[in-house]
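J.: Have a peek at target36.txt (compact mmCIF, N, CA and C atoms and all ligand atoms).
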# COMPACT_ATOMS: atom_id res chain seq x y z
N MET A 1 49.40 113.63 104.36
CA MET A 1 50.62 113.81 105.16
C MET A 1 51.00 115.28 105.24
N LYS A 2 51.38 115.68 106.42
CA LYS A 2 51.86 117.05 106.56
C LYS A 2 53.27 117.14 105.97
N THR A 3 53.64 118.32 105.63
CA THR A 3 54.96 118.54 105.01
C THR A 3 56.08 118.00 105.90
N ARG A 4 55.92 118.23 107.23
CA ARG A 4 56.97 117.81 108.15
C ARG A 4 57.12 116.29 108.17
N GLN A 5 55.95 115.61 108.15
CA GLN A 5 55.98 114.14 108.15
C GLN A 5 56.64 113.62 106.87
N ILE A 6 56.33 114.27 105.77
CA ILE A 6 56.93 113.86 104.49
C ILE A 6 58.45 114.06 104.55
N ALA A 7 58.84 115.18 105.11
CA ALA A 7 60.27 115.47 105.21
C ALA A 7 60.98 114.42 106.06
N VAL A 8 60.37 114.05 107.18
CA VAL A 8 60.96 113.04 108.06
C VAL A 8 61.03 111.69 107.36
N ALA A 9 59.95 111.33 106.66
CA ALA A 9 59.93 110.06 105.94
C ALA A 9 61.02 110.03 104.88
N CYS A 10 61.22 111.14 104.22
CA CYS A 10 62.25 111.24 103.18
C CYS A 10 63.64 111.10 103.79
N LEU A 11 63.85 111.76 104.92
CA LEU A 11 65.14 111.68 105.60
C LEU A 11 65.47 110.24 105.99
N LEU A 12 64.47 109.55 106.54
CA LEU A 12 64.68 108.16 106.96
C LEU A 12 64.99 107.27 105.76
N ALA A 13 64.27 107.50 104.69
CA ALA A 13 64.49 106.70 103.47
C ALA A 13 65.90 106.95 102.94
N CYS A 14 66.28 108.23 102.93
CA CYS A 14 67.62 108.58 102.43
C CYS A 14 68.69 107.96 103.32
N ALA A 15 68.49 108.03 104.62
CA ALA A 15 69.47 107.48 105.56
C ALA A 15 69.60 105.97 105.34
N ALA A 16 68.46 105.30 105.14
CA ALA A 16 68.48 103.85 104.92
C ALA A 16 69.24 103.50 103.65
N LEU A 17 69.12 104.36 102.65
CA LEU A 17 69.81 104.10 101.39
C LEU A 17 71.31 104.38 101.50
N LEU A 18 71.65 105.42 102.23
CA LEU A 18 73.04 105.89 102.27
C LEU A 18 73.91 105.15 103.27
N LEU A 19 73.35 104.78 104.42
CA LEU A 19 74.17 104.21 105.49
C LEU A 19 75.00 102.98 105.08
N PRO A 20 74.39 102.01 104.40
CA PRO A 20 75.20 100.83 104.04
C PRO A 20 76.39 101.18 103.16
N ARG A 21 76.20 102.15 102.25
CA ARG A 21 77.30 102.53 101.35
C ARG A 21 78.41 103.21 102.14
N VAL A 22 78.01 104.08 103.06
CA VAL A 22 79.01 104.78 103.87
C VAL A 22 79.81 103.77 104.67
N ALA A 23 79.12 102.79 105.25
CA ALA A 23 79.81 101.78 106.05
C ALA A 23 80.78 101.00 105.20
N LEU A 24 80.36 100.68 103.97
CA LEU A 24 81.22 99.88 103.08
C LEU A 24 82.41 100.67 102.57
N ALA A 25 82.27 101.99 102.55
CA ALA A 25 83.33 102.80 101.97
C ALA A 25 84.53 103.00 102.88
N HIS A 26 84.40 102.62 104.15
CA HIS A 26 85.57 102.68 105.03
C HIS A 26 86.67 101.81 104.45
N ALA A 27 87.90 102.29 104.55
CA ALA A 27 89.02 101.51 104.03
C ALA A 27 89.52 100.56 105.12
N HIS A 28 89.12 99.31 105.01
CA HIS A 28 89.60 98.29 105.96
C HIS A 28 90.71 97.49 105.30
N LEU A 29 91.72 97.19 106.06
CA LEU A 29 92.85 96.43 105.53
C LEU A 29 92.42 94.99 105.26
N LEU A 30 92.66 94.52 104.04
CA LEU A 30 92.32 93.14 103.69
C LEU A 30 93.54 92.24 103.85
N THR A 31 94.63 92.63 103.21
CA THR A 31 95.87 91.85 103.32
C THR A 31 97.05 92.80 103.36
N SER A 32 98.16 92.30 103.86
CA SER A 32 99.37 93.12 103.87
C SER A 32 100.59 92.29 103.55
N THR A 33 101.57 92.97 102.93
CA THR A 33 102.91 92.43 102.75
C THR A 33 103.86 93.46 103.34
N PRO A 34 104.64 93.12 104.36
CA PRO A 34 104.67 91.83 105.05
C PRO A 34 103.35 91.58 105.80
N ALA A 35 103.05 90.30 106.02
CA ALA A 35 101.88 89.96 106.82
C ALA A 35 102.20 90.27 108.28
N ALA A 36 101.15 90.46 109.09
CA ALA A 36 101.35 90.74 110.52
C ALA A 36 102.13 89.59 111.17
N ASN A 37 103.15 89.95 111.92
CA ASN A 37 103.99 89.00 112.66
C ASN A 37 104.83 88.09 111.77
N ALA A 38 104.96 88.46 110.50
CA ALA A 38 105.76 87.64 109.58
C ALA A 38 107.24 87.94 109.75
N ALA A 39 108.07 86.97 109.38
CA ALA A 39 109.51 87.17 109.30
C ALA A 39 109.87 87.18 107.83
N VAL A 40 110.48 88.26 107.38
CA VAL A 40 110.80 88.40 105.96
C VAL A 40 112.30 88.57 105.78
N HIS A 41 112.78 88.26 104.59
CA HIS A 41 114.20 88.38 104.29
C HIS A 41 114.50 89.77 103.75
N GLY A 42 115.50 90.42 104.33
CA GLY A 42 115.91 91.73 103.87
C GLY A 42 117.04 91.61 102.89
N PRO A 43 117.69 92.69 102.56
CA PRO A 43 117.37 94.03 103.08
C PRO A 43 116.25 94.75 102.33
N ASP A 44 115.93 94.32 101.11
CA ASP A 44 114.90 95.04 100.35
C ASP A 44 113.51 94.52 100.68
N ILE A 45 112.69 95.40 101.23
CA ILE A 45 111.35 95.01 101.66
C ILE A 45 110.32 95.75 100.82
N ALA A 46 109.45 94.99 100.20
CA ALA A 46 108.33 95.60 99.46
C ALA A 46 107.12 95.62 100.39
N ILE A 47 106.53 96.78 100.54
CA ILE A 47 105.37 96.94 101.42
C ILE A 47 104.14 97.17 100.57
N ASP A 48 103.12 96.38 100.82
CA ASP A 48 101.89 96.47 100.03
C ASP A 48 100.70 96.23 100.96
N LEU A 49 99.89 97.25 101.14
CA LEU A 49 98.69 97.13 101.98
C LEU A 49 97.47 97.21 101.08
N LYS A 50 96.64 96.18 101.12
CA LYS A 50 95.46 96.15 100.26
C LYS A 50 94.19 96.39 101.08
N PHE A 51 93.34 97.29 100.55
CA PHE A 51 92.13 97.69 101.26
C PHE A 51 90.87 97.25 100.51
N ASN A 52 89.75 97.29 101.22
CA ASN A 52 88.48 96.87 100.63
C ASN A 52 87.83 97.99 99.83
N SER A 53 88.40 99.19 99.89
CA SER A 53 87.83 100.29 99.11
C SER A 53 88.95 101.25 98.73
N ARG A 54 88.63 102.17 97.87
CA ARG A 54 89.64 103.10 97.37
C ARG A 54 90.20 103.97 98.48
N VAL A 55 91.50 104.24 98.38
CA VAL A 55 92.14 105.11 99.35
C VAL A 55 92.78 106.29 98.63
N GLU A 56 92.84 107.40 99.33
CA GLU A 56 93.48 108.60 98.80
C GLU A 56 94.91 108.63 99.31
N VAL A 57 95.87 108.73 98.40
CA VAL A 57 97.27 108.76 98.82
C VAL A 57 97.52 110.00 99.69
N LYS A 58 96.91 111.14 99.27
CA LYS A 58 96.97 112.33 100.12
C LYS A 58 96.09 112.05 101.33
N GLY A 59 96.65 112.11 102.51
CA GLY A 59 95.85 111.82 103.69
C GLY A 59 96.07 110.40 104.18
N SER A 60 96.80 109.61 103.40
CA SER A 60 97.16 108.27 103.84
C SER A 60 98.66 108.24 104.10
N MET A 61 99.09 107.39 105.01
CA MET A 61 100.53 107.30 105.23
C MET A 61 100.92 105.97 105.85
N ILE A 62 102.20 105.65 105.66
CA ILE A 62 102.78 104.49 106.32
C ILE A 62 104.02 104.99 107.06
N VAL A 63 104.03 104.77 108.37
CA VAL A 63 105.17 105.14 109.20
C VAL A 63 105.82 103.85 109.68
N LEU A 64 107.14 103.80 109.53
CA LEU A 64 107.88 102.62 109.97
C LEU A 64 108.49 102.90 111.34
N VAL A 65 108.20 102.01 112.29
CA VAL A 65 108.81 102.12 113.62
C VAL A 65 110.05 101.22 113.60
N LEU A 66 111.21 101.83 113.79
CA LEU A 66 112.48 101.10 113.72
C LEU A 66 112.74 100.34 115.02
N PRO A 67 113.69 99.38 115.01
CA PRO A 67 113.99 98.59 116.21
C PRO A 67 114.28 99.44 117.44
N GLY A 68 114.91 100.59 117.27
CA GLY A 68 115.23 101.46 118.40
C GLY A 68 114.05 102.31 118.86
N GLY A 69 112.94 102.27 118.15
CA GLY A 69 111.77 103.05 118.55
C GLY A 69 111.57 104.32 117.75
N LYS A 70 112.60 104.70 116.96
CA LYS A 70 112.43 105.89 116.13
C LYS A 70 111.46 105.59 115.00
N THR A 71 110.83 106.64 114.48
CA THR A 71 109.87 106.44 113.39
C THR A 71 110.36 107.14 112.13
N GLN A 72 109.91 106.58 111.02
CA GLN A 72 110.32 107.10 109.72
C GLN A 72 109.12 106.99 108.78
N ARG A 73 108.70 108.12 108.26
CA ARG A 73 107.56 108.09 107.32
C ARG A 73 108.06 107.65 105.95
N LEU A 74 107.39 106.70 105.37
CA LEU A 74 107.81 106.17 104.07
C LEU A 74 107.14 106.93 102.94
N ASN A 75 107.88 107.06 101.85
CA ASN A 75 107.29 107.65 100.66
C ASN A 75 106.38 106.62 100.00
N LEU A 76 105.17 107.01 99.73
CA LEU A 76 104.22 106.08 99.11
C LEU A 76 104.34 106.16 97.60
N ASP A 77 104.25 105.00 96.96
CA ASP A 77 104.17 105.00 95.51
C ASP A 77 102.82 105.63 95.16
N ALA A 78 102.83 106.50 94.16
CA ALA A 78 101.59 107.20 93.81
C ALA A 78 100.61 106.27 93.13
N GLN A 79 99.43 106.13 93.71
CA GLN A 79 98.36 105.38 93.04
C GLN A 79 97.02 105.84 93.58
N SER A 80 96.74 107.06 93.24
CA SER A 80 95.49 107.65 93.68
C SER A 80 94.30 106.83 93.19
N ASN A 81 93.30 106.74 94.03
CA ASN A 81 92.07 106.02 93.69
C ASN A 81 92.26 104.52 93.53
N GLU A 82 93.35 104.00 94.03
CA GLU A 82 93.53 102.55 93.99
C GLU A 82 93.27 102.00 95.38
N VAL A 83 93.19 100.70 95.47
CA VAL A 83 92.84 100.08 96.74
C VAL A 83 94.07 99.57 97.50
N SER A 84 95.23 100.14 97.19
CA SER A 84 96.41 99.70 97.92
C SER A 84 97.37 100.86 98.16
N LEU A 85 98.17 100.70 99.22
CA LEU A 85 99.24 101.64 99.52
C LEU A 85 100.53 100.84 99.44
N ASP A 86 101.49 101.36 98.68
CA ASP A 86 102.73 100.63 98.46
C ASP A 86 103.93 101.50 98.77
N ALA A 87 104.98 100.85 99.27
CA ALA A 87 106.22 101.56 99.57
C ALA A 87 107.36 100.53 99.55
N HIS A 88 108.57 101.05 99.60
CA HIS A 88 109.74 100.17 99.65
C HIS A 88 110.65 100.64 100.78
N ALA A 89 111.37 99.70 101.36
CA ALA A 89 112.31 100.06 102.41
C ALA A 89 113.52 99.14 102.34
N HIS A 90 114.65 99.65 102.80
CA HIS A 90 115.91 98.92 102.82
C HIS A 90 116.24 98.73 104.30
N LEU A 91 116.05 97.52 104.82
CA LEU A 91 116.08 97.34 106.27
C LEU A 91 117.09 96.30 106.74
N ALA A 92 117.76 96.61 107.84
CA ALA A 92 118.67 95.68 108.50
C ALA A 92 117.83 94.70 109.33
N PRO A 93 118.42 93.55 109.70
CA PRO A 93 117.67 92.61 110.53
C PRO A 93 117.19 93.25 111.83
N GLY A 94 115.99 92.88 112.27
CA GLY A 94 115.45 93.43 113.51
C GLY A 94 113.93 93.39 113.50
N SER A 95 113.36 93.93 114.56
CA SER A 95 111.90 93.97 114.69
C SER A 95 111.37 95.35 114.32
N TYR A 96 110.37 95.37 113.47
CA TYR A 96 109.81 96.62 112.98
C TYR A 96 108.28 96.60 113.13
N THR A 97 107.69 97.78 113.02
CA THR A 97 106.22 97.87 112.97
C THR A 97 105.83 98.89 111.90
N LEU A 98 104.85 98.52 111.11
CA LEU A 98 104.28 99.47 110.15
C LEU A 98 103.04 100.07 110.80
N ARG A 99 103.01 101.39 110.89
CA ARG A 99 101.80 102.07 111.35
C ARG A 99 101.17 102.72 110.14
N TRP A 100 99.99 102.26 109.77
CA TRP A 100 99.37 102.83 108.58
C TRP A 100 98.14 103.65 108.93
N GLN A 101 97.88 104.60 108.08
CA GLN A 101 96.67 105.42 108.20
C GLN A 101 96.13 105.57 106.78
N ALA A 102 94.87 105.23 106.59
CA ALA A 102 94.28 105.28 105.26
C ALA A 102 93.08 106.22 105.24
N LEU A 103 93.07 107.10 104.26
CA LEU A 103 91.93 108.00 104.06
C LEU A 103 91.09 107.41 102.93
N SER A 104 89.88 107.03 103.26
CA SER A 104 89.01 106.46 102.22
C SER A 104 88.28 107.59 101.51
N THR A 105 87.68 107.27 100.38
CA THR A 105 87.03 108.30 99.57
C THR A 105 85.81 108.91 100.26
N ASP A 106 85.30 108.26 101.33
CA ASP A 106 84.17 108.85 102.06
C ASP A 106 84.65 109.79 103.17
N GLY A 107 85.97 110.01 103.23
CA GLY A 107 86.51 110.97 104.19
C GLY A 107 86.86 110.39 105.53
N HIS A 108 86.63 109.10 105.74
CA HIS A 108 86.97 108.48 107.01
C HIS A 108 88.39 107.96 107.02
N ILE A 109 89.01 108.05 108.18
CA ILE A 109 90.38 107.58 108.33
C ILE A 109 90.39 106.32 109.18
N THR A 110 91.10 105.31 108.72
CA THR A 110 91.28 104.09 109.51
C THR A 110 92.77 103.92 109.75
N ARG A 111 93.10 103.26 110.85
CA ARG A 111 94.50 103.09 111.23
C ARG A 111 94.76 101.67 111.69
N GLY A 112 96.03 101.28 111.65
CA GLY A 112 96.39 99.98 112.16
C GLY A 112 97.89 99.81 112.27
N GLU A 113 98.31 98.72 112.88
CA GLU A 113 99.72 98.43 113.05
C GLU A 113 100.02 97.01 112.59
N ILE A 114 101.16 96.86 111.94
CA ILE A 114 101.59 95.55 111.45
C ILE A 114 103.03 95.31 111.92
N PRO A 115 103.19 94.50 112.96
CA PRO A 115 104.55 94.19 113.41
C PRO A 115 105.15 93.10 112.51
N PHE A 116 106.43 93.20 112.22
CA PHE A 116 107.10 92.15 111.45
C PHE A 116 108.58 92.15 111.76
N THR A 117 109.23 91.09 111.35
CA THR A 117 110.66 90.94 111.63
C THR A 117 111.42 90.78 110.33
N VAL A 118 112.57 91.43 110.26
CA VAL A 118 113.47 91.26 109.11
C VAL A 118 114.62 90.36 109.57
N ARG A 119 114.87 89.31 108.80
CA ARG A 119 115.95 88.38 109.14
C ARG A 119 117.25 88.81 108.48
CU CU A 201 83.68 105.64 106.14
How does the structure come out when it is put into structure tokens?

T.:
Amino acid sequence: MKTRQIAVACLLACAALLLPRVALAHAHLLTSTPAANAAVHGPDIAIDLKFNSRVEVKGSMIVLVLPGGKTQRLNLDAQSNEVSLDAHAHLAPGSYTLRWQALSTDGHITRGEIPFTVR
């Protein structure tokens, strides 16, 4: 084998080994509290987003969209290297949306929205 062929073979082998892990390391939302489209009792709301892989609190965030459309970034409970993002909010009855952004340990960012209602 020529050096170049060996190098290409090595690259392909490395890629085959690494790709599945990279794909798995994305932080995908598994469950949430409140659940999407749930109606919860206020005023004290515990927010808990659970992911399939570790998330970095730095680079992750939860923004609350209020009934009037204004947004408010929530302070996250510190839990670096854990698989969940947690926060608390004191909310009046109405329709809200959680906009989350999670930075996984592989450097990829995933985002999503969770609409819910406070009774
Ligand atoms: Cu990733």

J.: Rounded to one decimal in Å, what is the spacing between atom N of Ala78 in chain A and atom C of Val57 in chain A?

T.: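 Between these atoms lies a distance of 8.4 Å.
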
J.: Would you work out the distance separating CA of Ile109 in chain A from atom C of Gly94 in chain A, expressed in Å to one decimal?

T.: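 Between CA of Ile109 in chain A and atom C of Gly94 in chain A the gap is 28.0 Å.
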
J.: List the spatial neighbours of range 102-106 of chain A as a tab-separated table (two decimals) with N, CA and C atoms, in the frame of the given file - criterion: any atom at most 12 Å away, only C-alpha atoms, same-chain residues fewer than 5 positions off excluded.

T.:
chain	number	residue	atom	x	y	z
A	18	LEU	N	71.65	105.42	102.23
A	18	LEU	CA	73.04	105.89	102.27
A	18	LEU	C	73.91	105.15	103.27
A	19	LEU	N	73.35	104.78	104.42
A	19	LEU	CA	74.17	104.21	105.49
A	19	LEU	C	75.00	102.98	105.08
A	21	ARG	N	76.20	102.15	102.25
A	21	ARG	CA	77.30	102.53	101.35
A	21	ARG	C	78.41	103.21	102.14
A	22	VAL	N	78.01	104.08	103.06
A	22	VAL	CA	79.01	104.78	103.87
A	22	VAL	C	79.81	103.77	104.67
A	23	ALA	N	79.12	102.79	105.25
A	23	ALA	CA	79.81	101.78	106.05
A	23	ALA	C	80.78	101.00	105.20
A	24	LEU	N	80.36	100.68	103.97
A	24	LEU	CA	81.22	99.88	103.08
A	24	LEU	C	82.41	100.67	102.57
A	25	ALA	N	82.27	101.99	102.55
A	25	ALA	CA	83.33	102.80	101.97
A	25	ALA	C	84.53	103.00	102.88
A	26	HIS	N	84.40	102.62	104.15
A	26	HIS	CA	85.57	102.68	105.03
A	26	HIS	C	86.67	101.81	104.45
A	27	ALA	N	87.90	102.29	104.55
A	27	ALA	CA	89.02	101.51	104.03
A	27	ALA	C	89.52	100.56	105.12
A	28	HIS	N	89.12	99.31	105.01
A	28	HIS	CA	89.60	98.29	105.96
A	28	HIS	C	90.71	97.49	105.30
A	29	LEU	N	91.72	97.19	106.06
A	29	LEU	CA	92.85	96.43	105.53
A	29	LEU	C	92.42	94.99	105.26
A	49	LEU	N	99.89	97.25	101.14
A	49	LEU	CA	98.69	97.13	101.98
A	49	LEU	C	97.47	97.21	101.08
A	50	LYS	N	96.64	96.18	101.12
A	50	LYS	CA	95.46	96.15	100.26
A	50	LYS	C	94.19	96.39	101.08
A	51	PHE	N	93.34	97.29	100.55
A	51	PHE	CA	92.13	97.69	101.26
A	51	PHE	C	90.87	97.25	100.51
A	52	ASN	N	89.75	97.29	101.22
A	52	ASN	CA	88.48	96.87	100.63
A	52	ASN	C	87.83	97.99	99.83
A	53	SER	N	88.40	99.19	99.89
A	53	SER	CA	87.83	100.29	99.11
A	53	SER	C	88.95	101.25	98.73
A	54	ARG	N	88.63	102.17	97.87
A	54	ARG	CA	89.64	103.10	97.37
A	54	ARG	C	90.20	103.97	98.48
A	55	VAL	N	91.50	104.24	98.38
A	55	VAL	CA	92.14	105.11	99.35
A	55	VAL	C	92.78	106.29	98.63
A	56	GLU	N	92.84	107.40	99.33
A	56	GLU	CA	93.48	108.60	98.80
A	56	GLU	C	94.91	108.63	99.31
A	57	VAL	N	95.87	108.73	98.40
A	57	VAL	CA	97.27	108.76	98.82
A	57	VAL	C	97.52	110.00	99.69
A	58	LYS	N	96.91	111.14	99.27
A	58	LYS	CA	96.97	112.33	100.12
A	58	LYS	C	96.09	112.05	101.33
A	59	GLY	N	96.65	112.11	102.51
A	59	GLY	CA	95.85	111.82	103.69
A	59	GLY	C	96.07	110.40	104.18
A	60	SER	N	96.80	109.61	103.40
A	60	SER	CA	97.16	108.27	103.84
A	60	SER	C	98.66	108.24	104.10
A	61	MET	N	99.09	107.39	105.01
A	61	MET	CA	100.53	107.30	105.23
A	61	MET	C	100.92	105.97	105.85
A	62	ILE	N	102.20	105.65	105.66
A	62	ILE	CA	102.78	104.49	106.32
A	62	ILE	C	104.02	104.99	107.06
A	63	VAL	N	104.03	104.77	108.37
A	63	VAL	CA	105.17	105.14	109.20
A	63	VAL	C	105.82	103.85	109.68
A	76	LEU	N	105.17	107.01	99.73
A	76	LEU	CA	104.22	106.08	99.11
A	76	LEU	C	104.34	106.16	97.60
A	80	SER	N	96.74	107.06	93.24
A	80	SER	CA	95.49	107.65	93.68
A	80	SER	C	94.30	106.83	93.19
A	81	ASN	N	93.30	106.74	94.03
A	81	ASN	CA	92.07	106.02	93.69
A	81	ASN	C	92.26	104.52	93.53
A	82	GLU	N	93.35	104.00	94.03
A	82	GLU	CA	93.53	102.55	93.99
A	82	GLU	C	93.27	102.00	95.38
A	83	VAL	N	93.19	100.70	95.47
A	83	VAL	CA	92.84	100.08	96.74
A	83	VAL	C	94.07	99.57	97.50
A	84	SER	N	95.23	100.14	97.19
A	84	SER	CA	96.41	99.70	97.92
A	84	SER	C	97.37	100.86	98.16
A	85	LEU	N	98.17	100.70	99.22
A	85	LEU	CA	99.24	101.64	99.52
A	85	LEU	C	100.53	100.84	99.44
A	86	ASP	N	101.49	101.36	98.68
A	86	ASP	CA	102.73	100.63	98.46
A	86	ASP	C	103.93	101.50	98.77
A	111	ARG	N	93.10	103.26	110.85
A	111	ARG	CA	94.50	103.09	111.23
A	111	ARG	C	94.76	101.67	111.69
A	112	GLY	N	96.03	101.28	111.65
A	112	GLY	CA	96.39	99.98	112.16
A	112	GLY	C	97.89	99.81	112.27
A	113	GLU	N	98.31	98.72	112.88
A	113	GLU	CA	99.72	98.43	113.05
A	113	GLU	C	100.02	97.01	112.59

J.: Report, in Å with one decimal, the straight-line distance from atom N of Asp48 in chain A to atom N of Gly69 in chain A.

T.: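 One can read the atom N of Asp48 in chain A to atom N of Gly69 in chain A distance as 20.8 Å.
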
J.: Which residues are close to Asn37 in chain A, i.e. within 10 Å by only C-alpha atoms, leaving aside same-chain residues fewer than 6 positions away? Reply as a PDB file with N, CA and C atoms, in the coordinates of the input.

T.:
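Generated output (part33.pdb):
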ATOM      1  N   SER A  95     113.360  93.930 114.560  1.00  0.00           N
ATOM      2  CA  SER A  95     111.900  93.970 114.690  1.00  0.00           C
ATOM      3  C   SER A  95     111.370  95.350 114.320  1.00  0.00           C
ATOM      4  N   TYR A  96     110.370  95.370 113.470  1.00  0.00           N
ATOM      5  CA  TYR A  96     109.810  96.620 112.980  1.00  0.00           C
ATOM      6  C   TYR A  96     108.280  96.600 113.130  1.00  0.00           C
ATOM      7  N   THR A  97     107.690  97.780 113.020  1.00  0.00           N
ATOM      8  CA  THR A  97     106.220  97.870 112.970  1.00  0.00           C
ATOM      9  C   THR A  97     105.830  98.890 111.900  1.00  0.00           C
ATOM     10  N   ILE A 114     101.160  96.860 111.940  1.00  0.00           N
ATOM     11  CA  ILE A 114     101.590  95.550 111.450  1.00  0.00           C
ATOM     12  C   ILE A 114     103.030  95.310 111.920  1.00  0.00           C
ATOM     13  N   PRO A 115     103.190  94.500 112.960  1.00  0.00           N
ATOM     14  CA  PRO A 115     104.550  94.190 113.410  1.00  0.00           C
ATOM     15  C   PRO A 115     105.150  93.100 112.510  1.00  0.00           C
ATOM     16  N   PHE A 116     106.430  93.200 112.220  1.00  0.00           N
ATOM     17  CA  PHE A 116     107.100  92.150 111.450  1.00  0.00           C
ATOM     18  C   PHE A 116     108.580  92.150 111.760  1.00  0.00           C
ATOM     19  N   THR A 117     109.230  91.090 111.350  1.00  0.00           N
ATOM     20  CA  THR A 117     110.660  90.940 111.630  1.00  0.00           C
ATOM     21  C   THR A 117     111.420  90.780 110.330  1.00  0.00           C
TER      22      THR A 117
END

J.: Which residue gives the smallest distance to ligand CU 201 (chain A) among A:Val118, A:Ala89, A:Thr110, A:Asp44, with only N, CA and C atoms and all ligand atoms counted?

T.: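 When distances to ligand CU 201 (chain A) are compared using only N, CA and C atoms and all ligand atoms, the smallest one comes from A:Thr110.
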